[in-house]
$ cat coords-v6.json   # JSON, C-alpha atoms
[["chain", "number", "residue", "atom", "x", "y", "z"],
["K", 1, "VAL", "CA", -94.90, 27.49, 100.67],
["K", 2, "LYS", "CA", -93.78, 30.52, 98.61],
["K", 3, "GLN", "CA", -92.58, 28.19, 95.88],
["K", 4, "SER", "CA", -95.94, 26.42, 95.74],
["K", 5, "LEU", "CA", -97.80, 29.73, 95.72],
["K", 6, "LEU", "CA", -95.83, 31.02, 92.75],
["K", 7, "ALA", "CA", -96.09, 27.68, 90.97],
["K", 8, "ALA", "CA", -99.87, 27.74, 91.49],
["K", 9, "GLY", "CA", -99.97, 30.80, 89.25],
["K", 10, "TYR", "CA", -99.30, 28.48, 86.31],
["K", 11, "THR", "CA", -102.94, 27.89, 85.40],
["K", 12, "ARG", "CA", -104.71, 25.71, 82.84],
["K", 13, "GLY", "CA", -105.56, 28.74, 80.76],
["K", 14, "LYS", "CA", -101.91, 29.75, 80.54],
["K", 15, "ARG", "CA", -100.96, 26.20, 79.62],
["K", 16, "ARG", "CA", -103.44, 26.16, 76.71],
["K", 17, "ALA", "CA", -102.13, 29.51, 75.49],
["K", 18, "GLU", "CA", -98.56, 28.18, 75.68],
["K", 19, "VAL", "CA", -99.38, 25.07, 73.65],
["K", 20, "ALA", "CA", -100.96, 27.24, 70.95],
["K", 21, "CYS", "CA", -97.95, 29.55, 71.01],
["K", 22, "VAL", "CA", -95.41, 26.74, 70.62],
["K", 23, "ALA", "CA", -97.40, 25.24, 67.75],
["K", 24, "SER", "CA", -97.77, 28.50, 65.83],
["K", 25, "PHE", "CA", -94.13, 29.45, 66.42],
["K", 26, "SER", "CA", -92.96, 26.06, 65.12],
["K", 27, "VAL", "CA", -95.02, 26.42, 61.93],
["K", 28, "LEU", "CA", -93.87, 29.97, 61.22],
["K", 29, "LEU", "CA", -90.22, 29.22, 61.99],
["K", 30, "ALA", "CA", -90.30, 26.23, 59.63],
["K", 31, "VAL", "CA", -91.75, 28.39, 56.82],
["K", 32, "CYS", "CA", -89.15, 31.15, 57.24],
["K", 33, "ALA", "CA", -86.22, 28.76, 57.72],
["K", 34, "ALA", "CA", -87.14, 26.79, 54.60],
["K", 35, "ARG", "CA", -87.09, 29.96, 52.53],
["K", 36, "VAL", "CA", -83.73, 31.03, 53.95],
["K", 37, "ALA", "CA", -82.30, 27.58, 53.21],
["K", 38, "ALA", "CA", -83.63, 27.69, 49.63],
["K", 39, "ALA", "CA", -81.94, 31.05, 49.01],
["K", 40, "ALA", "CA", -78.67, 30.26, 50.81],
["K", 41, "PRO", "CA", -76.81, 28.70, 47.83],
["K", 42, "HIS", "CA", -77.09, 32.02, 45.99],
["K", 43, "HIS", "CA", -75.18, 33.99, 48.65],
["K", 44, "SER", "CA", -71.81, 33.82, 50.38],
["K", 45, "VAL", "CA", -71.06, 32.01, 53.62],
["K", 46, "ALA", "CA", -69.69, 35.28, 55.01],
["K", 47, "LEU", "CA", -73.09, 36.93, 54.55],
["K", 48, "ALA", "CA", -74.82, 34.12, 56.42],
["K", 49, "ALA", "CA", -72.15, 34.19, 59.15],
["K", 50, "SER", "CA", -72.61, 37.92, 59.69],
["K", 51, "ALA", "CA", -76.37, 37.42, 60.04],
["K", 52, "PHE", "CA", -75.71, 34.64, 62.57],
["K", 53, "VAL", "CA", -73.45, 36.83, 64.71],
["K", 54, "ALA", "CA", -75.80, 39.81, 64.53],
["K", 55, "ALA", "CA", -78.78, 37.60, 65.46],
["K", 56, "ASN", "CA", -76.95, 36.23, 68.50],
["K", 57, "VAL", "CA", -75.94, 39.70, 69.68],
["K", 58, "GLY", "CA", -79.48, 41.01, 69.18],
["K", 59, "ALA", "CA", -81.06, 38.04, 70.95],
["K", 60, "ASP", "CA", -78.64, 38.37, 73.87],
["K", 61, "PHE", "CA", -79.49, 42.04, 74.32],
["K", 62, "LEU", "CA", -83.24, 41.38, 74.10],
["K", 63, "SER", "CA", -82.91, 38.59, 76.68],
["K", 64, "GLY", "CA", -81.11, 41.00, 78.99],
["K", 65, "LEU", "CA", -83.68, 43.75, 78.44],
["K", 66, "VAL", "CA", -86.66, 41.49, 79.23],
["K", 67, "HIS", "CA", -84.85, 39.83, 82.14],
["K", 68, "TRP", "CA", -83.86, 43.18, 83.65],
["K", 69, "PHE", "CA", -87.35, 44.61, 83.19],
["K", 70, "ALA", "CA", -89.15, 41.60, 84.69],
["K", 71, "ASP", "CA", -86.73, 41.41, 87.63],
["K", 72, "THR", "CA", -86.84, 45.13, 88.30],
["K", 73, "TYR", "CA", -90.39, 46.41, 87.91],
["K", 74, "TYR", "CA", -94.02, 45.42, 88.51],
["K", 75, "SER", "CA", -95.30, 42.50, 90.57],
["K", 76, "VAL", "CA", -97.10, 39.19, 90.32],
["K", 77, "ASP", "CA", -100.36, 41.07, 90.95],
["K", 78, "THR", "CA", -99.94, 43.40, 87.96],
["K", 79, "PRO", "CA", -102.81, 42.80, 85.50],
["K", 80, "VAL", "CA", -101.96, 40.69, 82.44],
["K", 81, "ILE", "CA", -98.15, 40.77, 82.64],
["K", 82, "GLY", "CA", -98.08, 39.78, 86.33],
["K", 83, "PRO", "CA", -99.33, 36.21, 85.90],
["K", 84, "ALA", "CA", -98.11, 35.92, 82.30],
["K", 85, "LEU", "CA", -94.53, 37.13, 82.77],
["K", 86, "ILE", "CA", -93.50, 38.46, 86.19],
["K", 87, "ARG", "CA", -94.64, 35.35, 88.12],
["K", 88, "SER", "CA", -92.11, 33.07, 86.43],
["K", 89, "PHE", "CA", -89.23, 35.45, 87.20],
["K", 90, "ARG", "CA", -90.21, 35.66, 90.88],
["K", 91, "GLU", "CA", -90.47, 31.87, 91.03],
["K", 92, "HIS", "CA", -87.02, 31.58, 89.50],
["K", 93, "HIS", "CA", -85.45, 33.78, 92.18],
["K", 94, "VAL", "CA", -87.20, 31.96, 95.01],
["K", 95, "ASP", "CA", -86.36, 28.56, 93.48],
["K", 96, "PRO", "CA", -83.64, 28.87, 90.79],
["K", 97, "LEU", "CA", -83.78, 25.15, 89.98],
["K", 98, "ALA", "CA", -87.53, 25.16, 89.28],
["K", 99, "ILE", "CA", -86.80, 25.98, 85.62],
["K", 100, "THR", "CA", -84.92, 22.70, 85.29],
["K", 101, "ARG", "CA", -88.06, 20.80, 86.32],
["K", 102, "HIS", "CA", -90.33, 22.44, 83.74],
["K", 103, "ASP", "CA", -91.17, 20.67, 80.50],
["K", 104, "PHE", "CA", -90.34, 22.07, 77.05],
["K", 105, "ILE", "CA", -93.60, 23.99, 76.67],
["K", 106, "GLU", "CA", -93.57, 25.69, 80.07],
["K", 107, "THR", "CA", -89.89, 26.52, 79.69],
["K", 108, "ASN", "CA", -90.01, 28.02, 76.20],
["K", 109, "ALA", "CA", -93.51, 29.28, 75.38],
["K", 110, "ASP", "CA", -93.08, 32.71, 76.98],
["K", 111, "SER", "CA", -89.96, 33.32, 74.89],
["K", 112, "MET", "CA", -91.68, 32.15, 71.71],
["K", 113, "MET", "CA", -94.76, 34.33, 72.17],
["K", 114, "PRO", "CA", -93.28, 37.70, 71.04],
["K", 115, "CYS", "CA", -91.62, 35.97, 68.09],
["K", 116, "VAL", "CA", -94.92, 34.77, 66.60],
["K", 117, "PRO", "CA", -96.13, 38.12, 65.16],
["K", 118, "VAL", "CA", -92.63, 38.94, 63.91],
["K", 119, "LEU", "CA", -92.33, 35.63, 62.05],
["K", 120, "LEU", "CA", -95.88, 35.99, 60.72],
["K", 121, "VAL", "CA", -95.05, 39.34, 59.10],
["K", 122, "LEU", "CA", -91.81, 37.87, 57.77],
["K", 123, "ALA", "CA", -93.62, 34.86, 56.30],
["K", 124, "LEU", "CA", -96.20, 37.07, 54.60],
["K", 125, "ARG", "CA", -93.73, 39.60, 53.23],
["K", 126, "THR", "CA", -90.78, 37.51, 51.98],
["K", 127, "SER", "CA", -90.14, 34.66, 49.58],
["K", 128, "ALA", "CA", -87.19, 32.52, 48.53],
["K", 129, "ALA", "CA", -87.29, 34.09, 45.06],
["K", 130, "THR", "CA", -86.87, 37.64, 46.32],
["K", 131, "MET", "CA", -84.12, 36.55, 48.71],
["K", 132, "ARG", "CA", -82.21, 34.92, 45.86],
["K", 133, "GLU", "CA", -82.23, 38.23, 43.99],
["K", 134, "SER", "CA", -81.47, 40.53, 46.93],
["K", 135, "ALA", "CA", -78.53, 40.00, 49.28],
["K", 136, "LEU", "CA", -79.93, 42.59, 51.66],
["K", 137, "GLN", "CA", -83.29, 40.84, 51.95],
["K", 138, "TYR", "CA", -81.56, 37.49, 52.38],
["K", 139, "TRP", "CA", -79.42, 38.92, 55.18],
["K", 140, "PHE", "CA", -82.38, 40.60, 56.88],
["K", 141, "THR", "CA", -84.60, 37.51, 56.68],
["K", 142, "SER", "CA", -81.76, 35.31, 57.96],
["K", 143, "PHE", "CA", -81.11, 37.76, 60.80],
["K", 144, "ILE", "CA", -84.76, 37.83, 61.90],
["K", 145, "THR", "CA", -85.24, 34.06, 61.54],
["K", 146, "LEU", "CA", -82.07, 33.17, 63.44],
["K", 147, "GLY", "CA", -82.76, 35.88, 66.00],
["K", 148, "ALA", "CA", -86.27, 34.53, 66.60],
["K", 149, "LEU", "CA", -84.85, 31.04, 67.08],
["K", 150, "MET", "CA", -82.28, 32.23, 69.62],
["K", 151, "VAL", "CA", -84.85, 34.35, 71.48],
["K", 152, "ALA", "CA", -87.25, 31.39, 71.55],
["K", 153, "LEU", "CA", -84.57, 29.09, 72.98],
["K", 154, "THR", "CA", -83.28, 31.58, 75.55],
["K", 155, "ASN", "CA", -85.17, 30.05, 78.48],
["K", 156, "GLN", "CA", -84.06, 26.57, 77.46],
["K", 157, "ILE", "CA", -80.47, 27.80, 77.33],
["K", 158, "HIS", "CA", -81.06, 29.46, 80.71],
["K", 159, "SER", "CA", -82.34, 26.16, 82.10],
["K", 160, "TRP", "CA", -79.23, 24.31, 80.89],
["K", 161, "ALA", "CA", -77.07, 26.93, 82.64],
["K", 162, "HIS", "CA", -78.67, 25.84, 85.93],
["K", 163, "GLU", "CA", -78.02, 22.14, 85.38],
["K", 164, "ALA", "CA", -74.96, 20.70, 87.12],
["K", 165, "LYS", "CA", -74.50, 18.15, 84.32],
["K", 166, "PRO", "CA", -76.16, 19.26, 81.07],
["K", 167, "PRO", "CA", -76.07, 16.94, 78.02],
["K", 168, "ALA", "CA", -72.59, 16.55, 76.53],
["K", 169, "ALA", "CA", -73.45, 18.48, 73.35],
["K", 170, "ILE", "CA", -74.86, 21.36, 75.40],
["K", 171, "ALA", "CA", -71.80, 21.40, 77.66],
["K", 172, "LEU", "CA", -69.63, 21.66, 74.53],
["K", 173, "LEU", "CA", -71.63, 24.67, 73.28],
["K", 174, "GLN", "CA", -71.24, 26.26, 76.70],
["K", 175, "ARG", "CA", -67.47, 25.72, 76.70],
["K", 176, "CYS", "CA", -67.31, 27.29, 73.22],
["K", 177, "TYR", "CA", -69.21, 30.36, 74.52],
["K", 178, "LEU", "CA", -71.98, 29.81, 71.96],
["K", 179, "ILE", "CA", -74.66, 29.66, 74.66],
["K", 180, "LEU", "CA", -74.86, 30.85, 78.27],
["K", 181, "ARG", "CA", -72.33, 29.26, 80.62],
["K", 182, "ARG", "CA", -73.19, 28.15, 84.15],
["K", 183, "GLN", "CA", -70.40, 29.89, 86.09],
["K", 184, "PRO", "CA", -70.89, 33.47, 84.86],
["K", 185, "HIS", "CA", -74.66, 33.21, 85.24],
["K", 186, "GLN", "CA", -74.35, 32.25, 88.91],
["K", 187, "LEU", "CA", -73.23, 35.83, 89.59],
["K", 188, "HIS", "CA", -76.79, 36.92, 88.87],
["K", 189, "HIS", "CA", -78.07, 34.77, 91.73],
["K", 190, "HIS", "CA", -75.85, 36.31, 94.38],
["K", 191, "ASN", "CA", -76.06, 39.68, 96.10],
["K", 192, "PRO", "CA", -76.81, 42.27, 94.86],
["K", 193, "PHE", "CA", -78.72, 40.23, 92.19],
["K", 194, "ASP", "CA", -78.46, 43.02, 89.61],
["K", 195, "THR", "CA", -75.81, 41.84, 87.15],
["K", 196, "ASN", "CA", -75.49, 39.48, 84.17],
["K", 197, "TYR", "CA", -79.04, 39.85, 82.88],
["K", 198, "CYS", "CA", -78.24, 38.66, 79.35],
["K", 199, "ILE", "CA", -78.98, 34.93, 79.21],
["K", 200, "THR", "CA", -78.88, 33.80, 75.59],
["K", 201, "ASN", "CA", -75.11, 33.56, 75.25],
["K", 202, "GLY", "CA", -73.97, 36.15, 77.80],
["K", 203, "TRP", "CA", -71.70, 37.92, 75.30],
["K", 204, "LEU", "CA", -73.01, 41.36, 76.25],
["K", 205, "ASN", "CA", -72.81, 40.99, 80.03],
["K", 206, "PRO", "CA", -69.18, 42.17, 80.41],
["K", 207, "PRO", "CA", -69.50, 45.36, 78.29],
["K", 208, "LEU", "CA", -72.91, 46.28, 79.73],
["K", 209, "GLN", "CA", -71.61, 45.73, 83.25],
["K", 210, "TYR", "CA", -68.47, 47.75, 82.49],
["K", 211, "VAL", "CA", -70.50, 50.84, 81.52],
["K", 212, "ASP", "CA", -73.04, 50.21, 84.34],
["K", 213, "PHE", "CA", -75.77, 50.19, 81.70],
["K", 214, "TRP", "CA", -78.71, 48.79, 83.70],
["K", 215, "LYS", "CA", -78.09, 50.92, 86.78],
["K", 216, "ARG", "CA", -77.89, 54.04, 84.61],
["K", 217, "VAL", "CA", -81.24, 53.19, 83.00],
["K", 218, "GLU", "CA", -82.76, 52.57, 86.45],
["K", 219, "ARG", "CA", -81.58, 55.95, 87.72],
["K", 220, "VAL", "CA", -83.07, 57.70, 84.71],
["K", 221, "LEU", "CA", -86.40, 55.90, 85.09],
["K", 222, "GLU", "CA", -86.54, 56.60, 88.83],
["K", 223, "ALA", "CA", -85.87, 60.29, 88.21],
["K", 224, "LEU", "CA", -88.58, 60.44, 85.54],
["K", 225, "THR", "CA", -91.25, 58.20, 87.07],
["K", 226, "GLY", "CA", -90.31, 57.52, 90.70],
["K", 227, "ALA", "CA", -90.29, 53.76, 90.03],
["K", 228, "VAL", "CA", -88.23, 51.87, 92.63],
["K", 229, "ALA", "CA", -86.07, 49.14, 91.14],
["K", 230, "ARG", "CA", -86.53, 45.54, 92.33],
["K", 231, "LYS", "CA", -89.04, 46.46, 95.06],
["K", 232, "ASP", "CA", -91.30, 43.44, 94.44],
["K", 233, "ASP", "CA", -88.39, 41.10, 93.73],
["K", 234, "GLN", "CA", -86.78, 42.06, 97.04],
["K", 235, "TYR", "CA", -90.09, 41.37, 98.80],
["K", 236, "TRP", "CA", -89.96, 37.73, 97.70],
["K", 237, "ARG", "CA", -86.26, 37.49, 98.55],
["K", 238, "LEU", "CA", -86.88, 38.82, 102.06],
["K", 239, "LEU", "CA", -89.62, 36.24, 102.54],
["K", 240, "GLU", "CA", -87.11, 33.60, 101.53],
["K", 241, "VAL", "CA", -84.60, 34.86, 104.10],
["K", 242, "SER", "CA", -87.22, 34.99, 106.85],
["K", 243, "ASP", "CA", -88.21, 31.40, 106.07],
["K", 244, "ASP", "CA", -84.58, 30.28, 106.34],
["K", 245, "GLU", "CA", -84.21, 32.00, 109.70],
["K", 246, "ARG", "CA", -87.52, 30.72, 111.09],
["K", 247, "ALA", "CA", -87.21, 28.02, 113.76],
["K", 248, "PRO", "CA", -88.45, 24.64, 112.53],
["K", 249, "PRO", "CA", -91.80, 23.41, 113.89],
["K", 250, "THR", "CA", -91.51, 21.06, 116.85],
["K", 251, "SER", "CA", -93.64, 18.34, 115.27],
["K", 252, "GLU", "CA", -94.90, 17.11, 111.92],
["K", 253, "ALA", "CA", -98.42, 18.27, 112.83],
["K", 254, "ALA", "CA", -97.14, 21.75, 113.64],
["K", 255, "ALA", "CA", -95.32, 21.89, 110.31],
["K", 256, "THR", "CA", -98.50, 20.90, 108.46],
["K", 257, "ASN", "CA", -100.55, 23.51, 110.30],
["K", 258, "ALA", "CA", -97.97, 26.22, 109.60],
["K", 259, "SER", "CA", -98.01, 25.44, 105.89],
["K", 260, "LYS", "CA", -101.83, 25.49, 105.82],
["K", 261, "SER", "CA", -101.88, 28.84, 107.62],
["K", 262, "GLU", "CA", -99.47, 30.45, 105.15],
["K", 263, "ALA", "CA", -101.36, 29.04, 102.18],
["K", 264, "ALA", "CA", -104.67, 30.28, 103.55],
["K", 265, "ALA", "CA", -103.27, 33.77, 104.13],
["K", 266, "ALA", "CA", -101.95, 34.04, 100.57],
["K", 267, "PRO", "CA", -104.09, 35.25, 97.66],
["K", 268, "ALA", "CA", -105.45, 32.51, 95.44],
["K", 269, "ALA", "CA", -104.07, 32.19, 91.91],
["K", 270, "GLN", "CA", -106.32, 33.90, 89.39],
["K", 271, "ASP", "CA", -106.86, 32.57, 85.89],
["K", 272, "ALA", "CA", -107.73, 34.83, 82.97],
["K", 273, "PRO", "CA", -109.71, 32.58, 80.62],
["K", 274, "ILE", "CA", -110.80, 35.34, 78.23],
["K", 275, "THR", "CA", -107.26, 36.69, 77.87],
["K", 276, "TYR", "CA", -105.81, 33.26, 77.25],
["K", 277, "ALA", "CA", -108.60, 32.36, 74.80],
["K", 278, "ILE", "CA", -107.69, 35.45, 72.78],
["K", 279, "VAL", "CA", -104.03, 34.38, 72.82],
["K", 280, "VAL", "CA", -104.97, 30.91, 71.56],
["K", 281, "ALA", "CA", -107.11, 32.37, 68.76],
["K", 282, "LEU", "CA", -104.39, 34.81, 67.67],
["K", 283, "ASN", "CA", -101.77, 32.07, 67.59],
["K", 284, "ALA", "CA", -104.03, 29.81, 65.54],
["K", 285, "ALA", "CA", -104.63, 32.64, 63.07],
["K", 286, "ALA", "CA", -100.88, 33.30, 62.86],
["K", 287, "ALA", "CA", -100.11, 29.65, 62.13],
["K", 288, "LEU", "CA", -102.77, 29.53, 59.40],
["K", 289, "GLY", "CA", -101.41, 32.74, 57.91],
["K", 290, "GLY", "CA", -97.91, 31.28, 57.79],
["K", 291, "LEU", "CA", -99.12, 28.10, 56.12],
["K", 292, "TYR", "CA", -101.15, 30.10, 53.60],
["K", 293, "SER", "CA", -98.10, 32.18, 52.68],
["K", 294, "ALA", "CA", -96.09, 29.00, 52.09],
["K", 295, "LEU", "CA", -98.60, 27.59, 49.59]]
$ encode --input "coords-v6.json" --output "structure tokens"
Amino acid sequence: VKQSLLAAGYTRGKRRAEVACVASFSVLLAVCAARVAAAAPHHSVALAASAFVAANVGADFLSGLVHWFADTYYSVDTPVIGPALIRSFREHHVDPLAITRHDFIETNADSMMPCVPVLLVLALRTSAATMRESALQYWFTSFITLGALMVALTNQIHSWAHEAKPPAAIALLQRCYLILRRQPHQLHHHNPFDTNYCITNGWLNPPLQYVDFWKRVERVLEALTGAVARKDDQYWRLLEVSDDERAPPTSEAAATNASKSEAAAAPAAQDAPITYAIVVALNAAAALGGLYSAL
């Protein structure tokens, strides 16, 4: 029942916003990537390789920061970010394999959304000509473009890490440590559920865990604001435990009635049509801006 309640928070309005986001991201990424590719022959492979490594490290840290934040604070009832962001993280902890059943848009749109304004600014402010003349601008544009791609694909990479048998090419990338591997990520889904937050490639998990980075940040925030870490996340986990320990109904009718009672007691999913309409409009404007800059 909890799984269906969280899944019900995925509304039609959010779906429309996600479609617009994926479309605008794809346009802007294509514009920026084409310019990087046009300027690449004028610069060394080492310069491009350094941008690739830096982009992967940056994307991994950002994935960890967002993952830690969404796991640790706020709730599904928080205005705006609750249904747009927190809900999917709670669903993932109640049903870790749900992400493997989502389609491409539902899996990746949330990760693409923050990349859209960044790529729009990049598309409007850079050109292949200026990158050919400036190694620094070429490196920076490559770094942002590759970083946006890795951030956008983080949830897809995360989904593959939950698959027992991912595609052969993906399994090869996992074995080469280029994307998140299944075994290290499983540590995040076991008590105390507060490690290995970085989910793009996982490179930063060992050093951040070694210095106890996330716990130190939590202690500072609690001292400053009184915010209790993982309070809402633990609420959903405790519900999961209580469901596991609950005696099964004695009949099919009793099971049906129990499910109906829980569903009736739970708050109904709320859509936010105006908010999502604004998101759709902004993404359409961003895509048009990227296309205009490419002409």
$ residues_around --input "coords-v6.json" --residues "Thr126 of chain K" --least-positions-apart "6" --cutoff "9 Å" --atoms "only C-alpha atoms" --output "list in words"
Cys32, Arg35, Gln137 and Thr141 of chain K
$ residues_around --input "coords-v6.json" --residues "segment 162-170 of chain K" --least-positions-apart "6" --cutoff "12 Å" --atoms "only C-alpha atoms" --output "ChimeraX atom specification"
/K:92,95-101,155-156,176-189,199
$ closest_residue --input "coords-v6.json" --among "K:Phe89, K:Phe140, K:Tyr73, K:Phe104" --to "Ser50 of chain K" --atoms "all atoms listed in the file"
K:Phe140
$ residues_around --input "coords-v6.json" --residues "Trp68 of chain K" --least-positions-apart "2" --cutoff "12 Å" --atoms "all atoms listed in the file" --output "NGL selection string"
:K and (61-66 or 70-74 or 86 or 89 or 188 or 193-199 or 205 or 213-215 or 217-218 or 229-230 or 233)
$ atom_distance --input "coords-v6.json" --atom1 "atom CA of Cys21 of chain K" --atom2 "atom CA of His158 of chain K"
19.5 Å
$ atom_distance --input "coords-v6.json" --atom1 "atom CA of Asn108 of chain K" --atom2 "atom CA of Ala51 of chain K"
23.1 Å
$ atom_distance --input "coords-v6.json" --atom1 "atom CA of Asp212 of chain K" --atom2 "atom CA of Asp60 of chain K"
16.8 Å
$ closest_atom_pairs --input "coords-v6.json" --of "segment 128-212 of chain K" --to "segment 37-45 of chain K" --cutoff "9 Å" --atoms "all atoms listed in the file" --output "Markdown table"
| residue | atom | partner | partner_atom | distance |
| --- | --- | --- | --- | --- |
| K:Ala128 | CA | K:Ala39 | CA | 5.5 |
| K:Ala129 | CA | K:Ala39 | CA | 7.3 |
| K:Thr130 | CA | K:Ala39 | CA | 8.7 |
| K:Met131 | CA | K:Ala39 | CA | 5.9 |
| K:Arg132 | CA | K:Ala39 | CA | 5.0 |
| K:Glu133 | CA | K:His42 | CA | 8.3 |
| K:Ala135 | CA | K:His43 | CA | 6.9 |
| K:Tyr138 | CA | K:Ala39 | CA | 7.3 |
$ write_last_selection --input "coords-v6.json" --atoms "C-alpha atoms" --output "short mmCIF file (atom, residue, chain, number, x, y, z; two decimals), in the frame of the given file"
data_model
loop_
_atom_site.label_atom_id
_atom_site.label_comp_id
_atom_site.auth_asym_id
_atom_site.auth_seq_id
_atom_site.Cartn_x
_atom_site.Cartn_y
_atom_site.Cartn_z
CA ALA K 128 -87.19 32.52 48.53
CA ALA K 129 -87.29 34.09 45.06
CA THR K 130 -86.87 37.64 46.32
CA MET K 131 -84.12 36.55 48.71
CA ARG K 132 -82.21 34.92 45.86
CA GLU K 133 -82.23 38.23 43.99
CA ALA K 135 -78.53 40.00 49.28
CA TYR K 138 -81.56 37.49 52.38
#
$ residues_around --input "coords-v6.json" --residues "Ala33 of chain K" --least-positions-apart "5" --cutoff "12 Å" --atoms "all atoms listed in the file" --output "list in words"
Phe25, Ser26, Val27, Leu28, Ala38, Ala39, Ala40, Leu119, Leu122, Ala123, Thr126, Ser127, Ala128, Tyr138, Thr141, Ser142, Phe143, Ile144, Thr145, Leu146, Gly147, Ala148, Leu149, Gly290 and Ala294 of chain K
$ closest_residue --input "coords-v6.json" --among "K:Gly226, K:Asp103, K:Leu47, K:Pro114" --to "Leu136 of chain K" --atoms "only C-alpha atoms"
K:Leu47
$ closest_residue --input "coords-v6.json" --among "K:Ser111, K:Glu18, K:Trp203, K:Arg125" --to "Met150 of chain K" --atoms "only C-alpha atoms"
K:Ser111
$ axis_aligned_box --input "coords-v6.json" --around "segment 36-39 of chain K" --padding-each-side "3 Å" --output "JSON"
{"center_x": -82.8, "center_y": 29.3, "center_z": 51.5, "size_x": 7.8, "size_y": 9.5, "size_z": 10.9}
$ closest_residue --input "coords-v6.json" --among "K:Ala20, K:Val228, K:Ile105, K:Met113" --to "Ala84 of chain K" --atoms "all atoms listed in the file"
K:Met113
$ closest_residue --input "coords-v6.json" --among "K:Leu120, K:Met112, K:Ala171, K:Leu85" --to "Ala23 of chain K" --atoms "all atoms listed in the file"
K:Met112
